[in-house]
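Dropping my_file-v2.cif in here (mmCIF, C-alpha atoms):
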data_structure
#
loop_
_atom_site.group_PDB
_atom_site.id
_atom_site.type_symbol
_atom_site.label_atom_id
_atom_site.label_comp_id
_atom_site.auth_asym_id
_atom_site.auth_seq_id
_atom_site.Cartn_x
_atom_site.Cartn_y
_atom_site.Cartn_z
ATOM 1 C CA MET A 10 82.497 -29.265 56.556
ATOM 2 C CA LEU A 11 81.708 -29.216 52.819
ATOM 3 C CA VAL A 12 78.372 -30.911 53.464
ATOM 4 C CA PHE A 13 77.562 -28.363 56.172
ATOM 5 C CA LEU A 14 78.408 -25.393 53.932
ATOM 6 C CA PHE A 15 76.303 -26.855 51.125
ATOM 7 C CA CYS A 16 73.299 -27.192 53.429
ATOM 8 C CA VAL A 17 73.686 -23.608 54.719
ATOM 9 C CA ILE A 18 73.972 -22.158 51.202
ATOM 10 C CA SER A 19 70.986 -24.201 50.012
ATOM 11 C CA ALA A 20 68.879 -23.006 52.943
ATOM 12 C CA GLN A 21 69.830 -19.379 52.315
ATOM 13 C CA GLU A 22 69.064 -19.659 48.624
ATOM 14 C CA ASP A 23 65.718 -21.306 49.353
ATOM 15 C CA GLY A 24 64.852 -18.560 51.837
ATOM 16 C CA GLY A 25 65.844 -15.872 49.364
ATOM 17 C CA LYS A 26 63.749 -17.501 46.665
ATOM 18 C CA LYS A 27 60.719 -17.573 48.945
ATOM 19 C CA LEU A 28 61.270 -13.915 49.845
ATOM 20 C CA ARG A 29 61.462 -12.930 46.180
ATOM 21 C CA ASN A 30 58.290 -14.894 45.477
ATOM 22 C CA ARG A 31 56.482 -13.049 48.245
ATOM 23 C CA ARG A 32 57.657 -9.733 46.858
ATOM 24 C CA LYS A 33 56.586 -10.712 43.379
ATOM 25 C CA ASN A 34 53.117 -11.761 44.457
ATOM 26 C CA PRO A 35 51.875 -9.690 47.437
ATOM 27 C CA ILE A 36 48.658 -10.770 49.106
ATOM 28 C CA VAL A 37 47.501 -7.320 50.289
ATOM 29 C CA LYS A 38 47.722 -3.949 48.530
ATOM 30 C CA THR A 39 46.146 -0.592 49.447
ATOM 31 C CA ARG A 40 43.871 1.402 47.113
ATOM 32 C CA ILE A 41 43.297 5.134 47.712
ATOM 33 C CA GLY A 42 40.758 7.058 45.625
ATOM 34 C CA ILE A 43 38.826 10.301 45.286
ATOM 35 C CA SER A 44 35.506 10.673 43.473
ATOM 36 C CA PRO A 45 33.152 13.383 42.312
ATOM 37 C CA VAL A 46 29.643 12.140 43.129
ATOM 38 C CA LEU A 47 26.313 12.579 41.385
ATOM 39 C CA GLY A 48 23.361 12.135 43.734
ATOM 40 C CA ILE A 49 20.084 10.809 42.317
ATOM 41 C CA TYR A 50 17.448 11.796 44.875
ATOM 42 C CA LYS A 51 13.814 10.746 45.032
ATOM 43 C CA SER A 52 11.688 12.530 47.615
ATOM 44 C CA ASN A 53 8.039 12.317 48.661
ATOM 45 C CA LYS A 54 6.279 14.054 45.758
ATOM 46 C CA ASN A 55 3.301 14.964 47.939
ATOM 47 C CA HIS A 56 5.477 17.099 50.204
ATOM 48 C CA THR A 57 8.440 18.237 48.063
ATOM 49 C CA THR A 58 9.262 19.576 44.609
ATOM 50 C CA LYS A 59 12.361 20.467 42.576
ATOM 51 C CA ALA A 60 14.780 18.100 44.310
ATOM 52 C CA LYS A 61 18.317 18.831 43.045
ATOM 53 C CA PRO A 62 21.630 17.353 44.212
ATOM 54 C CA LYS A 63 24.327 19.505 45.768
ATOM 55 C CA MET A 64 28.007 19.234 44.908
ATOM 56 C CA ALA A 65 29.319 16.001 46.426
ATOM 57 C CA TYR A 66 32.535 14.027 46.731
ATOM 58 C CA ASN A 67 33.896 10.791 48.180
ATOM 59 C CA PHE A 68 37.258 9.688 49.636
ATOM 60 C CA SER A 69 38.075 5.997 49.926
ATOM 61 C CA ILE A 70 40.792 3.723 51.256
ATOM 62 C CA LYS A 71 40.491 -0.007 50.732
ATOM 63 C CA GLU A 72 42.649 -3.057 51.313
ATOM 64 C CA GLU A 73 42.808 -5.295 48.235
ATOM 65 C CA ILE A 74 43.296 -8.920 49.279
ATOM 66 C CA ARG A 75 44.397 -11.375 46.571
ATOM 67 C CA LEU A 76 42.277 -14.533 46.477
ATOM 68 C CA ASP A 77 44.120 -16.602 43.851
ATOM 69 C CA ARG A 78 47.582 -17.106 42.354
ATOM 70 C CA ASN A 79 46.498 -15.777 38.967
ATOM 71 C CA ASN A 80 46.053 -12.262 40.369
ATOM 72 C CA GLN A 81 42.549 -11.961 38.913
ATOM 73 C CA ASN A 82 40.213 -12.261 41.913
ATOM 74 C CA PHE A 83 40.312 -9.983 44.946
ATOM 75 C CA LEU A 84 38.404 -9.029 48.088
ATOM 76 C CA LEU A 85 38.133 -5.281 48.793
ATOM 77 C CA VAL A 86 37.400 -4.026 52.316
ATOM 78 C CA GLY A 87 37.835 -0.544 53.731
ATOM 79 C CA VAL A 88 36.173 2.751 54.598
ATOM 80 C CA GLU A 89 34.808 5.687 52.589
ATOM 81 C CA TYR A 90 33.837 9.212 53.587
ATOM 82 C CA MET A 91 31.088 10.807 51.491
ATOM 83 C CA PHE A 92 29.790 14.377 51.633
ATOM 84 C CA HIS A 93 26.545 15.011 49.752
ATOM 85 C CA GLY A 94 23.276 16.899 49.933
ATOM 86 C CA VAL A 95 20.033 17.900 48.283
ATOM 87 C CA ASN A 96 18.003 21.093 47.752
ATOM 88 C CA PHE A 97 14.211 21.004 47.435
ATOM 89 C CA ASN A 98 11.048 23.010 48.017
ATOM 90 C CA SER A 99 8.622 22.027 50.751
ATOM 91 C CA TYR A 100 6.174 23.367 53.346
ATOM 92 C CA TYR A 101 7.018 25.319 56.483
ATOM 93 C CA PHE A 102 4.528 25.452 59.371
ATOM 94 C CA TYR A 103 4.680 27.996 62.176
ATOM 95 C CA GLY A 104 4.045 26.806 65.712
ATOM 96 C CA ASP A 105 0.516 28.275 65.973
ATOM 97 C CA SER A 106 -0.597 27.596 62.376
ATOM 98 C CA LEU A 107 -2.722 24.889 60.839
ATOM 99 C CA LYS A 108 -0.863 22.377 58.681
ATOM 100 C CA LEU A 109 -2.582 23.098 55.372
ATOM 101 C CA TYR A 110 -1.016 21.268 52.436
ATOM 102 C CA THR A 111 -1.983 23.724 49.720
ATOM 103 C CA PRO A 112 0.066 24.366 46.522
ATOM 104 C CA GLU A 113 0.774 28.033 47.344
ATOM 105 C CA ARG A 114 2.529 27.013 50.583
ATOM 106 C CA LEU A 115 4.922 24.635 48.794
ATOM 107 C CA LYS A 116 7.488 27.406 48.379
ATOM 108 C CA TYR A 117 10.064 27.176 51.170
ATOM 109 C CA LYS A 118 13.596 26.258 50.168
ATOM 110 C CA TYR A 119 15.211 23.396 52.081
ATOM 111 C CA SER A 120 18.945 22.730 51.876
ATOM 112 C CA LEU A 121 20.192 19.506 53.443
ATOM 113 C CA THR A 122 23.850 18.416 53.676
ATOM 114 C CA ILE A 123 25.031 15.025 54.916
ATOM 115 C CA HIS A 124 28.303 13.533 56.136
ATOM 116 C CA GLU A 125 28.499 9.754 56.167
ATOM 117 C CA LEU A 126 30.923 6.851 56.439
ATOM 118 C CA ASP A 127 30.535 3.728 54.305
ATOM 119 C CA PHE A 128 32.215 0.376 54.882
ATOM 120 C CA PRO A 129 32.459 -1.577 51.608
ATOM 121 C CA ILE A 130 32.899 -5.336 51.244
ATOM 122 C CA LEU A 131 33.393 -6.002 47.526
ATOM 123 C CA LEU A 132 34.513 -8.770 45.196
ATOM 124 C CA LYS A 133 36.661 -7.711 42.240
ATOM 125 C CA HIS A 134 37.413 -9.764 39.118
ATOM 126 C CA SER A 135 40.147 -8.675 36.700
ATOM 127 C CA PHE A 136 39.934 -9.867 33.089
ATOM 128 C CA GLN A 137 43.738 -9.902 32.788
ATOM 129 C CA LYS A 138 46.498 -11.040 35.132
ATOM 130 C CA GLU A 139 47.567 -7.866 36.872
ATOM 131 C CA THR A 140 51.125 -9.133 37.391
ATOM 132 C CA ASN A 141 52.006 -9.294 33.675
ATOM 133 C CA SER A 142 49.616 -6.823 32.001
ATOM 134 C CA LEU A 143 50.365 -3.124 31.651
ATOM 135 C CA LEU A 144 46.646 -2.427 31.262
ATOM 136 C CA SER A 145 43.872 -4.449 32.879
ATOM 137 C CA SER A 146 40.114 -4.066 33.163
ATOM 138 C CA TYR A 147 37.869 -5.305 35.939
ATOM 139 C CA ILE A 148 34.396 -5.428 37.429
ATOM 140 C CA PHE A 149 33.342 -5.403 41.066
ATOM 141 C CA ALA A 150 30.204 -5.696 43.179
ATOM 142 C CA GLY A 151 29.211 -6.056 46.786
ATOM 143 C CA TYR A 152 27.766 -4.508 49.916
ATOM 144 C CA ASN A 153 28.293 -1.184 51.747
ATOM 145 C CA TYR A 154 27.316 -0.568 55.352
ATOM 146 C CA ARG A 155 26.243 3.082 55.826
ATOM 147 C CA TRP A 156 26.583 5.326 58.859
ATOM 148 C CA ILE A 157 25.242 8.892 58.797
ATOM 149 C CA ILE A 158 27.481 10.822 61.173
ATOM 150 C CA GLU A 159 26.012 14.321 60.762
ATOM 151 C CA GLY A 160 23.353 16.306 58.914
ATOM 152 C CA HIS A 161 22.687 20.020 58.568
ATOM 153 C CA LEU A 162 19.431 21.689 57.498
ATOM 154 C CA ASN A 163 18.769 25.218 56.286
ATOM 155 C CA VAL A 164 15.267 26.543 55.457
ATOM 156 C CA SER A 165 14.597 29.929 53.861
ATOM 157 C CA GLU A 166 11.942 31.961 52.055
ATOM 158 C CA ASN A 167 12.919 34.658 49.554
ATOM 159 C CA GLY A 168 16.376 34.852 51.128
ATOM 160 C CA ASN A 169 15.024 35.103 54.702
ATOM 161 C CA GLU A 170 16.408 32.330 56.887
ATOM 162 C CA MET A 171 13.766 30.330 58.780
ATOM 163 C CA ALA A 172 15.967 27.564 60.237
ATOM 164 C CA ASN A 173 19.674 26.777 60.338
ATOM 165 C CA GLN A 174 20.514 23.773 62.473
ATOM 166 C CA TYR A 175 22.134 20.390 62.808
ATOM 167 C CA GLU A 176 19.671 17.689 61.857
ATOM 168 C CA GLN A 177 19.285 14.158 63.216
ATOM 169 C CA LEU A 178 18.681 11.989 60.163
ATOM 170 C CA LYS A 179 17.294 8.476 60.424
ATOM 171 C CA PHE A 180 16.652 5.617 58.012
ATOM 172 C CA LYS A 181 13.157 4.311 57.371
ATOM 173 C CA ASN A 182 14.480 0.729 57.271
ATOM 174 C CA PRO A 183 17.595 0.808 59.471
ATOM 175 C CA ALA A 184 20.300 -1.806 59.900
ATOM 176 C CA PHE A 185 20.966 -2.350 63.650
ATOM 177 C CA ASN A 186 20.664 1.390 64.392
ATOM 178 C CA SER A 187 18.499 4.269 63.159
ATOM 179 C CA VAL A 188 21.517 6.013 61.558
ATOM 180 C CA ASN A 189 22.759 2.889 59.775
ATOM 181 C CA SER A 190 21.623 1.305 56.527
ATOM 182 C CA SER A 191 23.103 -0.254 53.386
ATOM 183 C CA PHE A 192 24.075 0.134 49.745
ATOM 184 C CA PHE A 193 24.401 -2.446 47.018
ATOM 185 C CA THR A 194 27.355 -1.476 44.829
ATOM 186 C CA VAL A 195 28.328 -2.462 41.287
ATOM 187 C CA GLY A 196 31.029 -1.005 39.060
ATOM 188 C CA ALA A 197 33.755 -1.413 36.469
ATOM 189 C CA GLY A 198 37.177 0.095 35.873
ATOM 190 C CA PHE A 199 40.601 -0.193 34.339
ATOM 191 C CA GLN A 200 44.088 0.307 35.696
ATOM 192 C CA LYS A 201 47.621 0.889 34.433
ATOM 193 C CA ASN A 202 49.923 -1.504 36.247
ATOM 194 C CA THR A 203 53.574 -1.258 37.237
ATOM 195 C CA PRO A 204 54.420 -4.992 37.238
ATOM 196 C CA LEU A 205 57.802 -4.806 38.996
ATOM 197 C CA MET A 206 56.426 -2.786 41.924
ATOM 198 C CA HIS A 207 52.874 -4.218 41.729
ATOM 199 C CA ASN A 208 51.439 -0.708 41.949
ATOM 200 C CA ALA A 209 48.839 0.865 39.667
ATOM 201 C CA VAL A 210 46.788 3.934 38.872
ATOM 202 C CA TYR A 211 43.123 3.331 38.165
ATOM 203 C CA ALA A 212 39.830 4.873 37.114
ATOM 204 C CA GLU A 213 36.442 3.341 37.774
ATOM 205 C CA LEU A 214 32.728 4.029 37.585
ATOM 206 C CA GLN A 215 30.422 2.703 40.277
ATOM 207 C CA PHE A 216 26.762 2.892 41.213
ATOM 208 C CA LYS A 217 25.535 2.770 44.808
ATOM 209 C CA TYR A 218 21.921 1.694 45.233
ATOM 210 C CA ALA A 219 20.434 2.687 48.604
ATOM 211 C CA LEU A 220 18.266 0.085 50.338
ATOM 212 C CA SER A 221 16.388 2.584 52.512
ATOM 213 C CA PRO A 222 15.277 6.237 52.340
ATOM 214 C CA PHE A 223 16.239 8.596 55.150
ATOM 215 C CA TYR A 224 14.065 11.197 56.887
ATOM 216 C CA PHE A 225 13.937 13.825 59.634
ATOM 217 C CA ASN A 226 11.239 14.973 62.051
ATOM 218 C CA GLU A 227 10.664 18.665 62.780
ATOM 219 C CA SER A 228 7.547 20.516 63.985
ATOM 220 C CA PHE A 229 7.807 23.004 61.098
ATOM 221 C CA ALA A 230 8.274 20.349 58.413
ATOM 222 C CA PRO A 231 5.655 18.056 56.874
ATOM 223 C CA SER A 232 5.365 14.508 58.088
ATOM 224 C CA SER A 233 6.703 11.600 56.030
ATOM 225 C CA MET A 234 9.698 13.618 54.812
ATOM 226 C CA TYR A 235 11.280 10.581 53.146
ATOM 227 C CA ILE A 236 14.188 11.067 50.736
ATOM 228 C CA ASN A 237 15.952 8.266 48.903
ATOM 229 C CA GLY A 238 19.395 8.821 47.407
ATOM 230 C CA HIS A 239 21.312 6.662 44.946
ATOM 231 C CA PHE A 240 24.799 7.672 43.819
ATOM 232 C CA LEU A 241 27.012 7.528 40.751
ATOM 233 C CA LEU A 242 30.760 7.853 41.415
ATOM 234 C CA LEU A 243 33.683 8.403 39.037
ATOM 235 C CA THR A 244 36.809 7.446 40.967
ATOM 236 C CA ILE A 245 40.473 7.992 40.213
ATOM 237 C CA GLY A 246 43.205 6.698 42.449
ATOM 238 C CA PHE A 247 46.286 4.589 42.904
ATOM 239 C CA LYS A 248 47.234 1.216 44.345
ATOM 240 C CA ILE A 249 50.340 0.981 46.530
#
Entire entry expressed as structure tokens:
Amino acid sequence: MLVFLFCVISAQEDGGKKLRNRRKNPIVKTRIGISPVLGIYKSNKNHTTKAKPKMAYNFSIKEEIRLDRNNQNFLLVGVEYMFHGVNFNSYYFYGDSLKLYTPERLKYKYSLTIHELDFPILLKHSFQKETNSLLSSYIFAGYNYRWIIEGHLNVSENGNEMANQYEQLKFKNPAFNSVNSSFFTVGAGFQKNTPLMHNAVYAELQFKYALSPFYFNESFAPSSMYINGHFLLLTIGFKI
């Protein structure tokens, strides 16, 4: 009987120890962030002028998967929603007019807004062990798969509206589908850790480099309306 009780107590203690170890060193945590976004747009200079970014923002949720016991290397996967846009001047051609690309006709105001989903796959390296450091800094880099879900275009002249419509945007060099393309992403950040709970608040700066310009086709717009957009994001968020 004594031997049996000893074995039961030992098994319970071993199970409790394993449970505490799992709690102390979780494999997966969730990161939620919000970012103001600065768009850096480059458009076809032969057909557009005065390209300026609109107010933009980004929401993200990512799963952070621990890759080592030192709590310094992680895989980040998730989804991001980004709203952005650009204003520029360009040509407007009426249905029965000749398409003359003259400087005095480069006066119509285009306003384009875009909704997209991005799917990041990133590697993160922390310079300190996040389990025993109140403050830690890190870098990350990787790939984002892009999906433009909706676009909206407004064209006006001197306050008179010429067009106001949903716009089908496509990528010049698509990935699998005309509305899909990619980003390369690189960034750095720091976070304030809560070691006992393994939670954190963080701030990070990242740059998204677009691998393809996007465009739209309309009878009133010039051909080759290619616009490339790279993005700078300042993100704040928390890890739970």
Skip Phe149 of chain A itself and residues of its chain fewer than 4 positions away, then list as a short mmCIF file (atom, residue, chain, number, x, y, z; two decimals) with C-alpha atoms, in the coordinates of the input all residues within 8 Å of it, counting all atoms listed in the file.
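Saved result, selection_31.cif, follows:
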data_model
loop_
_atom_site.label_atom_id
_atom_site.label_comp_id
_atom_site.auth_asym_id
_atom_site.auth_seq_id
_atom_site.Cartn_x
_atom_site.Cartn_y
_atom_site.Cartn_z
CA LEU A 131 33.39 -6.00 47.53
CA LEU A 132 34.51 -8.77 45.20
CA LYS A 133 36.66 -7.71 42.24
CA HIS A 134 37.41 -9.76 39.12
CA VAL A 195 28.33 -2.46 41.29
CA GLY A 196 31.03 -1.00 39.06
CA ALA A 197 33.76 -1.41 36.47
#
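Among the candidate residues A:Glu89, A:Glu113, A:Glu227, A:Asp105, the one lying nearest to Asn153 of chain A is A:Glu89, with distances computed using all atoms listed in the file.
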Quiz item: Between A:Asn208, A:Thr203, A:Asn141, A:Asn237, which has the minimum distance to Lys179 of chain A (counting all atoms listed in the file)?
Solution: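 Answer, going by the shortest atom-to-atom distance: A:Asn237.
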Exercise. For atom CA of Glu139 of chain A and atom CA of Phe216 of chain A, determine how far apart the two atoms are, in Å to one decimal place.
Key: 23.8 Å
Exercise. Go through A:Ile249, A:Ile148, A:Leu115, A:Leu143 one by one, measure the shortest atom-to-atom distance of each to Lys54 of chain A using only C-alpha atoms, and give the residue with the smallest value.
Key: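 Comparing A:Ile249, A:Ile148, A:Leu115, A:Leu143 against Lys54 of chain A, the winner is A:Leu115.
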Quiz item: Using only C-alpha atoms, which of A:Ser228, A:Ser135, A:Ser120, A:Ser221 sits nearest Phe180 of chain A?
Solution: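 For Phe180 of chain A, the nearest of the candidates is A:Ser221.
Among the candidates A:Asn98, A:Gln174, A:Ser145, A:Ser69, the one nearest to Asn202 of chain A when counting only C-alpha atoms is A:Ser145.
Using all atoms listed in the file, the smallest distance between any of A:Leu84, A:Leu144, A:Ile123, A:Ile74 and Gly238 of chain A comes from A:Ile123.
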